[in-house]
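Novice: This one is work-v5.cif, mmCIF, C-alpha atoms.
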```cif
data_input
loop_
_atom_site.label_atom_id
_atom_site.label_comp_id
_atom_site.auth_asym_id
_atom_site.auth_seq_id
_atom_site.Cartn_x
_atom_site.Cartn_y
_atom_site.Cartn_z
CA MET Q 23 99.09 81.87 114.49
CA GLU Q 24 100.30 83.88 111.54
CA ALA Q 25 99.74 82.28 108.17
CA SER Q 26 103.05 81.23 106.67
CA MET Q 27 104.13 81.10 103.05
CA SER Q 28 103.82 77.32 103.17
CA ASP Q 29 100.12 77.40 104.10
CA GLU Q 30 98.02 76.17 101.26
CA LEU Q 31 96.15 79.23 100.08
CA THR Q 32 93.67 78.77 97.29
CA GLN Q 33 92.18 81.43 95.05
CA HIS Q 34 88.51 82.32 95.36
CA ALA Q 35 86.21 84.98 93.93
CA VAL Q 36 84.18 87.03 96.39
CA ILE Q 37 80.44 86.65 95.87
CA ARG Q 38 79.22 88.71 98.81
CA THR Q 39 81.22 91.45 100.57
CA LEU Q 40 83.72 89.76 102.85
CA THR Q 41 85.92 91.11 105.63
CA LEU Q 42 88.98 89.09 106.60
CA PRO Q 43 91.31 89.68 109.55
CA HIS Q 44 95.04 90.12 108.87
CA THR Q 45 95.63 86.57 110.09
CA PRO Q 46 93.27 83.63 109.56
CA ASP Q 47 92.38 83.18 113.24
CA GLY Q 48 92.63 86.85 114.24
CA GLN Q 49 95.61 86.28 116.54
CA ILE Q 50 99.31 86.83 116.22
CA GLU Q 51 102.28 85.53 118.24
CA HIS Q 52 104.41 88.11 120.03
CA PHE Q 53 108.10 87.69 120.88
CA ALA Q 54 110.44 89.28 123.41
CA GLU Q 55 113.83 90.65 122.40
CA HIS Q 56 115.65 87.34 122.70
CA GLY Q 57 113.07 85.36 120.82
CA GLN Q 58 111.10 84.16 123.82
CA SER Q 59 107.43 83.78 122.92
CA LEU Q 60 105.06 86.09 124.73
CA GLY Q 61 102.08 84.07 123.51
CA MET Q 62 99.20 84.74 121.19
CA ARG Q 63 97.50 88.10 121.32
CA PRO Q 64 94.62 89.57 119.35
CA ASN Q 65 95.87 90.84 116.02
CA GLU Q 66 95.56 94.63 115.91
CA HIS Q 67 95.97 95.06 112.19
CA PRO Q 68 92.96 96.32 110.28
CA ALA Q 69 90.88 93.75 108.49
CA THR Q 70 90.66 93.87 104.71
CA THR Q 71 87.27 94.18 103.07
CA TYR Q 72 86.75 92.55 99.68
CA ALA Q 73 83.94 93.60 97.35
CA PRO Q 74 82.10 91.13 95.11
CA GLY Q 75 84.25 90.12 92.15
CA HIS Q 76 87.55 90.60 93.93
CA THR Q 77 90.02 87.81 94.65
CA VAL Q 78 90.86 86.32 98.02
CA PHE Q 79 93.33 83.60 98.89
CA LEU Q 80 91.97 81.42 101.69
CA THR Q 81 93.14 78.59 103.91
CA PRO Q 82 91.15 75.35 103.57
CA SER Q 83 89.12 76.04 106.73
CA GLN Q 84 88.35 79.60 105.66
CA ALA Q 85 87.37 78.39 102.20
CA ALA Q 86 84.97 75.80 103.63
CA GLU Q 87 83.36 78.34 105.96
CA TYR Q 88 82.90 81.08 103.39
CA MET Q 89 81.75 78.79 100.62
CA ALA Q 90 79.10 77.36 102.91
CA SER Q 91 77.85 80.84 103.74
CA GLY Q 92 77.78 81.86 100.05
CA HIS Q 93 80.48 84.52 100.41
CA VAL Q 94 83.01 83.07 97.97
CA ALA Q 95 82.98 80.94 94.83
CA PRO Q 96 85.01 77.75 94.86
CA ALA Q 97 88.46 77.72 93.31
CA GLY Q 98 88.27 76.91 89.62
CA CYS Q 99 84.85 78.50 89.24
CA GLU Q 100 84.09 79.69 85.70
CA ASP Q 101 80.79 81.42 86.40
CA ALA Q 102 81.60 83.62 89.36
CA GLY Q 103 80.06 86.60 87.56
CA ARG Q 104 76.70 84.83 87.37
CA MET Q 105 76.97 83.78 91.00
CA ILE Q 106 77.56 87.41 91.99
CA ALA Q 107 74.53 88.52 90.01
CA ARG Q 108 72.42 85.80 91.57
CA ALA Q 109 73.59 86.66 95.08
CA GLN Q 110 72.72 90.32 94.52
CA ALA Q 111 69.28 89.31 93.28
CA GLU Q 112 68.78 87.13 96.34
CA ASP Q 113 69.90 89.88 98.68
CA LEU Q 114 67.42 92.25 97.01
CA GLY Q 115 64.64 89.69 97.50
CA LEU Q 116 64.23 89.12 93.79
CA LEU Q 117 65.11 85.44 94.04
CA GLU Q 118 64.59 82.80 96.67
CA SER Q 119 67.78 82.13 98.65
CA PRO Q 120 69.26 78.64 98.76
CA PRO Q 121 69.10 76.80 102.12
CA ALA Q 122 71.16 78.76 104.64
CA SER Q 123 73.00 75.73 106.01
CA GLY Q 124 73.70 74.05 102.69
CA PRO Q 125 76.98 72.25 102.19
CA SER Q 126 79.89 73.67 100.23
CA GLY Q 127 79.02 74.07 96.56
CA GLU Q 128 75.30 74.47 97.19
CA LEU Q 129 75.31 77.84 95.44
CA THR Q 130 76.89 76.33 92.35
CA THR Q 131 74.15 73.70 92.27
CA GLU Q 132 71.52 76.41 92.52
CA VAL Q 133 73.04 78.29 89.61
CA ASP Q 134 73.16 75.13 87.56
CA ARG Q 135 69.53 74.41 88.37
CA ALA Q 136 68.51 77.93 87.40
CA GLU Q 137 70.08 77.42 83.98
CA MET W 257 114.69 103.69 69.11
CA PRO W 258 112.75 103.55 72.35
CA ASN W 259 110.14 106.22 72.83
CA ARG W 260 111.73 108.10 75.71
CA PRO W 261 112.69 111.66 76.56
CA HIS W 262 115.85 112.65 74.76
CA ARG W 263 119.05 112.96 76.69
CA LEU W 264 120.31 116.40 77.56
CA HIS W 265 123.95 117.02 76.69
CA ASP W 266 126.33 119.46 78.29
CA LEU W 267 127.11 121.90 75.48
CA LEU W 268 128.90 124.57 77.39
CA ARG W 269 129.91 125.09 80.99
CA LEU W 270 129.78 128.75 81.82
CA PRO W 271 132.60 130.36 83.78
CA PHE W 272 132.25 131.72 87.28
CA ARG W 273 129.90 128.83 88.13
CA LEU W 274 127.06 130.45 86.23
CA GLY W 275 125.75 127.06 85.10
CA ARG W 276 125.54 125.08 81.87
CA VAL W 277 124.06 125.39 78.41
CA LEU W 278 122.33 122.17 77.43
CA TRP W 279 121.38 120.69 74.08
CA THR W 280 118.94 117.93 73.08
CA ALA W 281 118.07 116.31 69.76
CA ASP W 282 114.42 116.11 70.82
CA PRO W 283 112.28 118.22 68.41
CA GLY W 284 109.37 118.00 70.88
CA ASP W 285 108.51 119.90 74.03
CA ALA W 286 109.74 117.72 76.93
CA TYR W 287 112.89 118.99 78.56
CA ARG W 288 113.34 116.70 81.51
CA LEU W 289 113.13 113.02 82.36
CA LEU W 290 109.55 112.43 83.38
CA THR W 291 109.28 110.21 86.40
CA PHE W 292 107.15 109.60 89.41
CA GLN W 293 108.55 111.34 92.44
CA SER W 294 107.92 109.11 95.41
CA ARG W 295 108.61 109.61 99.09
CA LEU W 296 108.27 107.36 102.10
CA THR W 297 108.03 108.51 105.70
CA ALA W 298 107.77 106.53 108.93
CA ARG W 299 106.15 107.68 112.15
CA ILE W 300 107.27 105.34 114.92
CA GLN W 301 105.16 104.88 118.02
CA ARG W 302 107.29 103.05 120.59
CA TRP W 303 105.75 100.60 123.02
CA ASN W 304 106.39 103.09 125.84
CA GLY W 305 104.49 105.88 124.06
CA ARG W 306 107.49 107.77 122.69
CA GLU W 307 107.13 109.02 119.11
CA GLU W 308 109.80 109.34 116.44
CA PHE W 309 109.73 110.39 112.80
CA ARG W 310 111.97 109.37 109.93
CA ASP W 311 112.05 110.49 106.34
CA LEU W 312 113.03 107.38 104.44
CA GLY W 313 113.50 109.30 101.21
CA SER W 314 112.44 108.59 97.68
CA GLY W 315 111.31 105.15 96.67
CA LEU W 316 111.73 103.40 93.37
CA VAL W 317 108.76 102.78 91.10
CA THR W 318 109.31 99.38 89.52
CA ASN W 319 109.28 98.08 85.96
CA VAL W 320 106.39 95.75 86.75
CA GLY W 321 104.54 98.68 88.32
CA VAL W 322 104.66 100.77 85.17
CA LEU W 323 103.88 97.69 83.06
CA ALA W 324 100.65 97.31 85.05
CA LEU W 325 100.00 101.04 84.70
CA ALA W 326 100.36 100.89 80.92
CA ASN W 327 97.58 98.29 80.92
CA ASP W 328 95.18 100.45 82.93
CA TYR W 329 92.94 100.86 79.89
CA ALA W 330 92.18 97.13 80.05
CA TRP W 331 91.88 96.26 83.73
CA SER W 332 88.32 95.86 84.94
CA ALA W 333 86.79 99.31 85.42
CA GLN W 334 83.78 97.83 87.23
CA LEU W 335 86.11 96.44 89.90
CA ASN W 336 88.24 99.60 90.01
CA LEU W 337 91.40 97.68 89.14
CA ALA W 338 93.36 100.69 87.88
CA THR W 339 96.93 100.31 89.04
CA LEU W 340 97.09 102.95 91.76
CA ALA W 341 93.63 101.90 92.95
CA THR W 342 94.98 98.44 93.74
CA GLN W 343 98.29 99.65 95.19
CA ASN W 344 97.35 99.89 98.84
CA PHE W 345 99.02 96.97 100.62
CA HIS W 346 102.17 97.64 102.65
CA ALA W 347 104.77 95.06 103.67
CA THR W 348 108.17 95.40 105.32
CA GLY W 349 111.23 93.20 105.51
CA THR W 350 114.88 92.83 106.44
CA GLY W 351 116.62 92.63 103.04
CA THR W 352 119.57 94.98 102.61
CA THR W 353 120.43 94.81 98.91
CA ALA W 354 119.76 98.15 97.25
CA ALA W 355 116.36 98.43 95.61
CA ALA W 356 116.21 98.28 91.82
CA ALA W 357 113.53 99.07 89.27
CA THR W 358 113.65 95.40 88.27
CA ASP W 359 112.47 94.22 91.70
CA ILE W 360 109.24 92.22 91.77
CA ALA W 361 109.09 91.39 95.49
CA LEU W 362 110.67 92.24 98.80
CA GLN W 363 113.88 90.35 99.58
CA THR W 364 113.11 89.04 103.08
CA LEU W 365 109.61 89.58 104.38
CA ALA W 366 109.35 90.08 108.13
CA ALA W 367 106.58 89.57 110.70
CA PRO W 368 103.81 90.61 110.81
CA THR W 369 103.87 90.91 107.00
CA THR W 370 105.51 87.59 106.10
CA ALA W 371 102.40 86.35 104.32
CA THR W 372 99.86 89.16 104.37
CA ALA W 373 100.48 92.87 103.77
CA VAL W 374 98.74 95.52 105.83
CA THR W 375 95.87 97.35 104.14
CA GLY W 376 96.41 101.08 103.82
CA THR W 377 94.26 104.17 103.55
CA GLN W 378 94.31 105.92 100.19
CA SER W 379 93.98 109.61 99.42
CA LEU W 380 94.54 112.25 96.77
CA VAL W 381 96.68 115.18 97.85
CA SER W 382 95.83 117.85 95.35
CA ALA W 383 97.43 121.28 95.20
CA ALA W 384 98.21 123.75 92.44
CA ASN W 385 100.55 122.04 89.98
CA SER W 386 101.22 119.21 92.44
CA GLN W 387 99.13 116.05 92.26
CA THR W 388 99.99 113.23 94.62
CA TYR W 389 98.63 109.75 95.33
CA ARG W 390 99.07 108.75 98.95
CA SER W 391 98.71 105.47 100.81
CA SER W 392 99.31 105.11 104.51
CA ALA W 393 99.34 102.01 106.74
CA THR W 394 100.37 101.13 110.27
CA VAL W 395 102.44 98.01 110.89
CA ASN W 396 102.24 96.71 114.46
CA TYR W 397 105.46 94.83 115.15
CA THR W 398 105.49 91.74 117.36
CA SER W 399 109.22 91.07 117.70
CA THR W 400 112.66 92.68 117.62
CA LEU W 401 113.68 93.44 114.05
CA ALA W 402 115.93 95.71 112.01
CA ILE W 403 113.51 96.78 109.30
CA THR W 404 115.38 97.76 106.14
CA GLU W 405 112.89 97.48 103.30
CA TRP W 406 109.33 98.38 102.45
CA GLY W 407 107.09 97.71 99.45
CA LEU W 408 103.66 98.68 98.14
CA HIS W 409 101.58 95.89 96.57
CA SER W 410 98.39 95.29 94.63
CA LEU W 411 97.07 92.50 96.86
CA ALA W 412 97.20 91.61 100.55
CA THR W 413 98.28 88.00 100.01
CA LEU W 414 101.97 88.20 99.13
CA SER W 415 102.42 84.75 97.60
CA SER W 416 100.31 81.76 96.66
CA THR W 417 101.14 78.57 94.84
CA THR W 418 97.59 77.71 93.95
CA GLY W 419 97.57 75.55 90.81
CA SER W 420 101.34 75.02 90.78
CA PRO W 421 103.18 73.53 88.86
CA PHE W 422 102.74 74.50 85.23
CA THR W 423 101.54 71.90 82.78
CA ALA W 424 102.46 74.10 79.79
CA ALA W 425 104.00 77.47 79.03
CA SER W 426 104.35 79.62 75.92
CA ALA W 427 105.69 83.09 75.14
CA THR W 428 102.39 84.67 76.19
CA SER W 429 100.63 82.14 78.41
CA TRP W 430 100.98 79.54 81.12
CA THR W 431 98.80 76.62 82.15
CA ASP W 432 98.29 75.46 85.71
CA THR W 433 97.63 72.08 87.26
CA GLY W 434 94.06 71.24 88.05
CA SER W 435 92.16 74.32 86.86
CA ALA W 436 92.66 76.03 90.20
CA GLN W 437 92.16 79.67 89.17
CA THR W 438 88.95 81.65 89.10
CA ALA W 439 88.28 82.87 85.57
CA SER W 440 88.70 86.63 85.19
CA SER W 441 86.18 88.87 83.43
CA ALA W 442 84.87 92.43 83.61
CA THR W 443 83.13 91.55 86.88
CA VAL W 444 85.58 89.01 88.34
CA ARG W 445 89.17 89.93 89.15
CA GLY W 446 90.69 86.47 88.94
CA LEU W 447 94.44 87.03 88.55
CA GLN W 448 94.23 90.57 87.16
CA GLN W 449 96.90 92.83 88.71
CA THR W 450 99.10 89.92 89.79
CA ILE W 451 102.26 88.35 88.38
CA VAL W 452 103.27 84.75 87.83
CA VAL W 453 106.80 83.85 88.93
CA PRO W 454 108.28 80.50 87.80
CA GLY W 455 110.31 78.56 90.35
CA THR W 456 113.37 77.94 88.17
CA THR W 457 113.61 80.37 85.26
CA ALA W 458 114.30 83.86 86.60
CA VAL W 459 111.48 85.64 84.79
CA TYR W 460 108.02 86.95 85.55
CA GLY W 461 104.83 87.64 83.62
CA LEU W 462 102.04 90.11 84.33
CA ASN W 463 98.70 88.31 84.40
CA LEU W 464 96.43 90.25 82.05
CA SER W 465 93.55 87.78 82.21
CA ASN W 466 92.94 84.14 82.96
CA THR W 467 90.62 81.20 82.58
CA VAL W 468 90.40 78.57 85.30
CA HIS W 469 93.37 76.86 83.69
CA VAL W 470 95.36 79.34 81.57
CA GLY W 471 96.89 82.72 82.36
CA THR W 472 97.62 85.26 79.62
CA ILE W 473 100.67 87.54 79.86
CA PRO W 474 102.18 90.09 77.46
CA ALA W 475 105.64 88.50 77.66
CA TRP W 476 108.19 87.03 80.07
CA TYR W 477 110.70 89.51 81.46
CA LYS W 478 113.95 88.72 83.26
CA THR W 479 113.98 89.58 86.94
CA ALA W 480 117.68 90.44 86.64
CA ASP W 481 117.48 93.31 84.18
CA GLY W 482 113.96 93.61 82.80
CA THR W 483 114.93 92.50 79.31
CA ALA W 484 113.00 89.88 77.34
CA GLY W 485 113.17 86.51 79.08
CA SER W 486 112.85 82.96 77.88
CA THR W 487 109.71 80.89 78.30
CA PRO W 488 109.90 78.86 81.52
CA GLY W 489 109.87 75.08 81.51
CA ALA W 490 106.51 73.41 80.99
CA THR W 491 106.56 71.68 84.38
CA GLU W 492 108.14 74.33 86.59
CA THR W 493 106.57 75.26 89.89
CA PHE W 494 105.23 78.80 90.12
CA ALA W 495 103.91 81.38 92.54
CA ILE W 496 101.28 84.06 92.12
CA LYS W 497 102.38 87.37 93.63
CA PRO W 498 100.93 90.88 93.71
CA VAL W 499 102.33 93.66 91.53
CA LEU W 500 105.04 95.48 93.48
CA TRP W 501 104.62 99.17 92.61
CA ASP W 502 107.45 100.65 94.68
CA HIS W 503 110.34 99.21 96.66
CA LYS W 504 112.44 101.13 99.15
CA VAL W 505 115.57 99.90 101.01
CA PHE W 506 116.81 102.12 103.84
CA ALA W 507 119.08 102.29 106.87
CA ALA W 508 117.81 100.03 109.64
CA LEU W 509 114.71 101.09 111.48
CA ASN W 510 114.95 99.09 114.69
CA VAL W 511 111.66 97.95 116.18
CA ASN W 512 110.64 95.88 119.16
CA ASN W 513 107.56 93.95 120.17
CA GLY W 514 104.81 96.49 120.75
CA ASP W 515 106.20 99.20 118.44
CA SER W 516 103.98 100.53 115.65
CA VAL W 517 105.18 102.26 112.52
CA THR W 518 102.91 104.26 110.24
CA TYR W 519 104.34 104.26 106.72
CA THR W 520 103.11 107.04 104.46
CA TYR W 521 103.89 106.68 100.79
CA SER W 522 103.39 109.56 98.39
CA VAL W 523 103.91 109.56 94.66
CA LEU W 524 103.87 112.85 92.79
CA CYS W 525 102.70 112.44 89.21
CA GLN W 526 104.40 115.02 87.01
CA SER W 527 102.87 116.59 83.94
CA GLY W 528 104.62 117.25 80.66
CA GLY W 529 106.25 114.97 78.16
#
```
For the structure just supplied, provide its representation as structure tokens.
Specialist:
Amino acid sequence: MEASMSDELTQHAVIRTLTLPHTPDGQIEHFAEHGQSLGMRPNEHPATTYAPGHTVFLTPSQAAEYMASGHVAPAGCEDAGRMIARAQAEDLGLLESPPASGPSGELTTEVDRAE
Amino acid sequence: MPNRPHRLHDLLRLPFRLGRVLWTADPGDAYRLLTFQSRLTARIQRWNGREEFRDLGSGLVTNVGVLALANDYAWSAQLNLATLATQNFHATGTGTTAAAATDIALQTLAAPTTATAVTGTQSLVSAANSQTYRSSATVNYTSTLAITEWGLHSLATLSSTTGSPFTAASATSWTDTGSAQTASSATVRGLQQTIVVPGTTAVYGLNLSNTVHVGTIPAWYKTADGTAGSTPGATETFAIKPVLWDHKVFAALNVNNGDSVTYTYSVLCQSGG
């Protein structure tokens, strides 16, 4: 379903390059001329790629998923720049990565511990 | 007096339709109004394979667009946040009121760009004495619509109320509820290249930088006429929106489910002045 203006979108900073489909679930509802629904179909619009440091607005489920995978910093984060630097160091093998399946906020904890 | 090209006055109209002699008080070298020359075209691919082409004419670069441009020296260079670099997100709608330079958003967004604009492809079209920025995007329509407006934006997400309402506002700042923003810096975009739009007072502010809690703007400007606006109420709701660089309203382009329209926007940047 297409995200509507009323969906709660929260601001996040991208930590690792992230590609998002045009709609949160990658589908879009089609309609016939008189408004009759033709059902959900794969969304054909190009995805948008966000580089580290850029801003994304995410639905709660997207935010949970991408925070857990270390792709975005949580809303309200003050040290996103440090998290980006740390992620780049991890990806280059210069630092040990945090547990892959850590809960949301794990990356923040790691940064705090490193300080 | 505002720093703008001087007006040209008709001094003499020559007989036999030979033209006019013009006069200006400007002691400098500019002799014309310097503007961006924009153009929007639409290539329509119907669901049955038929192709059509429409020249939608010149667009209208907005006040908020040039405000963002004037701050290009300060946007994050590391993130490539120069104004035209960010202006690559196309949305269309069904509003029919004529576009104005004071516009900050489309009037009535339409599917499939009600919430998220379509990402374009950017290019430089360079020729002798003609330098043009171009952005092109294809909108795949999913329903029957009379498309009458188009806009180019600095962000895919067209509106967000994250952190709303205000808990304070001043002439050059606003404060959100709950520290919901990501702090901006040279390496983190945060709210750079976005605007804040209060829910009650008809003004907007360009977000120059922000902490998790406070956004900094140069001033509040009225959405009606672009003149200085009053500070919004300290508890008003607000929305974060992208910078709208150009807004075009045109005669209806009728689309149906399955039609695709490739919008190509070009802006010629003129020298001189």
Novice: Give me, as a tab-separated table, each residue of chain W that comes within 10 Å of chain Q, together with its shortest interatomic pair and the distance in Å at one decimal, counting all atoms listed in the file, with rows ordered by chain and rising residue number.
Specialist:
```
residue	atom	partner	partner_atom	distance
W:Gln334	CA	Q:Gly75	CA	9.2
W:Leu335	CA	Q:Gly75	CA	7.0
W:Asn336	CA	Q:His76	CA	9.8
W:Leu337	CA	Q:His76	CA	9.4
W:Phe345	CA	Q:Thr70	CA	9.8
W:Ala367	CA	Q:Glu24	CA	8.5
W:Pro368	CA	Q:Glu24	CA	7.6
W:Thr369	CA	Q:His44	CA	9.1
W:Thr370	CA	Q:Ser26	CA	6.8
W:Ala371	CA	Q:Ser26	CA	5.7
W:Thr372	CA	Q:His44	CA	6.7
W:Ala373	CA	Q:His44	CA	7.9
W:Val374	CA	Q:His67	CA	7.0
W:Thr375	CA	Q:Thr70	CA	6.3
W:Gly376	CA	Q:Pro68	CA	8.7
W:Ala393	CA	Q:Pro68	CA	9.3
W:Thr394	CA	Q:His67	CA	7.7
W:Val395	CA	Q:His67	CA	7.2
W:Asn396	CA	Q:His67	CA	6.9
W:Tyr397	CA	Q:His52	CA	8.4
W:Thr398	CA	Q:His52	CA	4.6
W:Ser399	CA	Q:Phe53	CA	4.8
W:Thr400	CA	Q:Glu55	CA	5.3
W:Leu401	CA	Q:Glu55	CA	8.8
W:Leu411	CA	Q:Thr77	CA	8.8
W:Ala412	CA	Q:Thr70	CA	8.1
W:Thr413	CA	Q:Phe79	CA	6.7
W:Leu414	CA	Q:Met27	CA	8.4
W:Ser415	CA	Q:Met27	CA	6.8
W:Ser416	CA	Q:Leu31	CA	6.0
W:Thr417	CA	Q:Leu31	CA	7.3
W:Thr418	CA	Q:Thr32	CA	5.3
W:Gly419	CA	Q:Thr32	CA	8.2
W:Gly434	CA	Q:Gly98	CA	8.3
W:Ser435	CA	Q:Gly98	CA	5.4
W:Ala436	CA	Q:Gly98	CA	4.5
W:Gln437	CA	Q:Gly98	CA	4.8
W:Thr438	CA	Q:Gly98	CA	4.8
W:Ala439	CA	Q:Glu100	CA	5.3
W:Ser440	CA	Q:Glu100	CA	8.3
W:Ser441	CA	Q:Gly103	CA	7.7
W:Ala442	CA	Q:Gly103	CA	8.5
W:Thr443	CA	Q:Gly75	CA	5.6
W:Val444	CA	Q:Gly75	CA	4.2
W:Arg445	CA	Q:His76	CA	5.1
W:Gly446	CA	Q:Thr77	CA	5.9
W:Leu447	CA	Q:Thr77	CA	7.6
W:Gln448	CA	Q:Thr77	CA	9.0
W:Thr467	CA	Q:Glu100	CA	7.4
W:Val468	CA	Q:Gly98	CA	5.1
W:His469	CA	Q:Gly98	CA	7.8
W:Ile496	CA	Q:Gln33	CA	9.9
W:Val511	CA	Q:Glu55	CA	9.8
W:Asn512	CA	Q:Glu55	CA	6.9
W:Asn513	CA	Q:Phe53	CA	6.3
W:Gly514	CA	Q:His52	CA	8.4
```
Novice: Tell me, in Å to one decimal, how far atom CA of W:Trp331 is from atom CA of Q:Thr39.
Specialist: 20.5 Å
Novice: Quick one, how far is atom CA of W:Ser465 from atom CA of W:Gln449?
Specialist: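 About the pair atom CA of W:Ser465 and atom CA of W:Gln449: they are 8.9 Å apart.
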Novice: Evaluating the PyMOL selection byres ((chain W and resi 452) around 10) on the displayed file yields which residues, as a CSV table (one decimal) with C-alpha atoms, in the coordinates of the input?
Specialist:
```
chain,number,residue,atom,x,y,z
W,415,SER,CA,102.4,84.8,97.6
W,416,SER,CA,100.3,81.8,96.7
W,417,THR,CA,101.1,78.6,94.8
W,430,TRP,CA,101.0,79.5,81.1
W,447,LEU,CA,94.4,87.0,88.6
W,450,THR,CA,99.1,89.9,89.8
W,451,ILE,CA,102.3,88.4,88.4
W,453,VAL,CA,106.8,83.8,88.9
W,454,PRO,CA,108.3,80.5,87.8
W,455,GLY,CA,110.3,78.6,90.4
W,459,VAL,CA,111.5,85.6,84.8
W,460,TYR,CA,108.0,87.0,85.6
W,461,GLY,CA,104.8,87.6,83.6
W,462,LEU,CA,102.0,90.1,84.3
W,463,ASN,CA,98.7,88.3,84.4
W,471,GLY,CA,96.9,82.7,82.4
W,472,THR,CA,97.6,85.3,79.6
W,473,ILE,CA,100.7,87.5,79.9
W,476,TRP,CA,108.2,87.0,80.1
W,494,PHE,CA,105.2,78.8,90.1
W,495,ALA,CA,103.9,81.4,92.5
W,496,ILE,CA,101.3,84.1,92.1
W,497,LYS,CA,102.4,87.4,93.6
W,498,PRO,CA,100.9,90.9,93.7
W,499,VAL,CA,102.3,93.7,91.5
```
Novice: For a test of reading the model, state the distance in Å between atom CA of W:Ala490 and atom CA of W:Asn319, rounded to one decimal.
Specialist: 25.3 Å
Novice: For the provided coordinates, the residues matched by the PyMOL selection byres ((chain W and resi 338) around 9) should be stated as an NGL selection string.
Specialist: :W and (324-325 or 327-333 or 335-337 or 339-343 or 449)
Novice: Could you list, as a ChimeraX atom specification, every residue matched by the PyMOL selection byres ((chain W and resi 510) around 12) in this structure?
Specialist: /Q:55 /W:298,300-302,308,310,349-350,397,399-405,506-509,511-513,515-517
Novice: Residues proximal to (115.1, 87.0, 86.0) were defined as those with any atom within 6 Å of that point in the file's coordinates, counting only C-alpha atoms. Which are they, as an MDAnalysis selection string?
Specialist: chainID W and resid 458:459 478:480
Novice: Any chance you can output those residues with C-alpha atoms as a compact mmCIF listing (two decimals), keeping the file's coordinate frame?
Specialist:
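Ended up saving to part_1.txt:
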```txt
# COMPACT_ATOMS: atom_id res chain seq x y z
CA ALA W 458 114.30 83.86 86.60
CA VAL W 459 111.48 85.64 84.79
CA LYS W 478 113.95 88.72 83.26
CA THR W 479 113.98 89.58 86.94
CA ALA W 480 117.68 90.44 86.64
```
Novice: Counting all atoms listed in the file, what is within 7 Å of stretch 320-322 of chain W, bar same-chain residues fewer than 6 positions away, as a list of chain:residue names?
Specialist: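 Using all atoms listed in the file, the neighbours found are W:Ile360, W:Val499, W:Leu500, W:Trp501.
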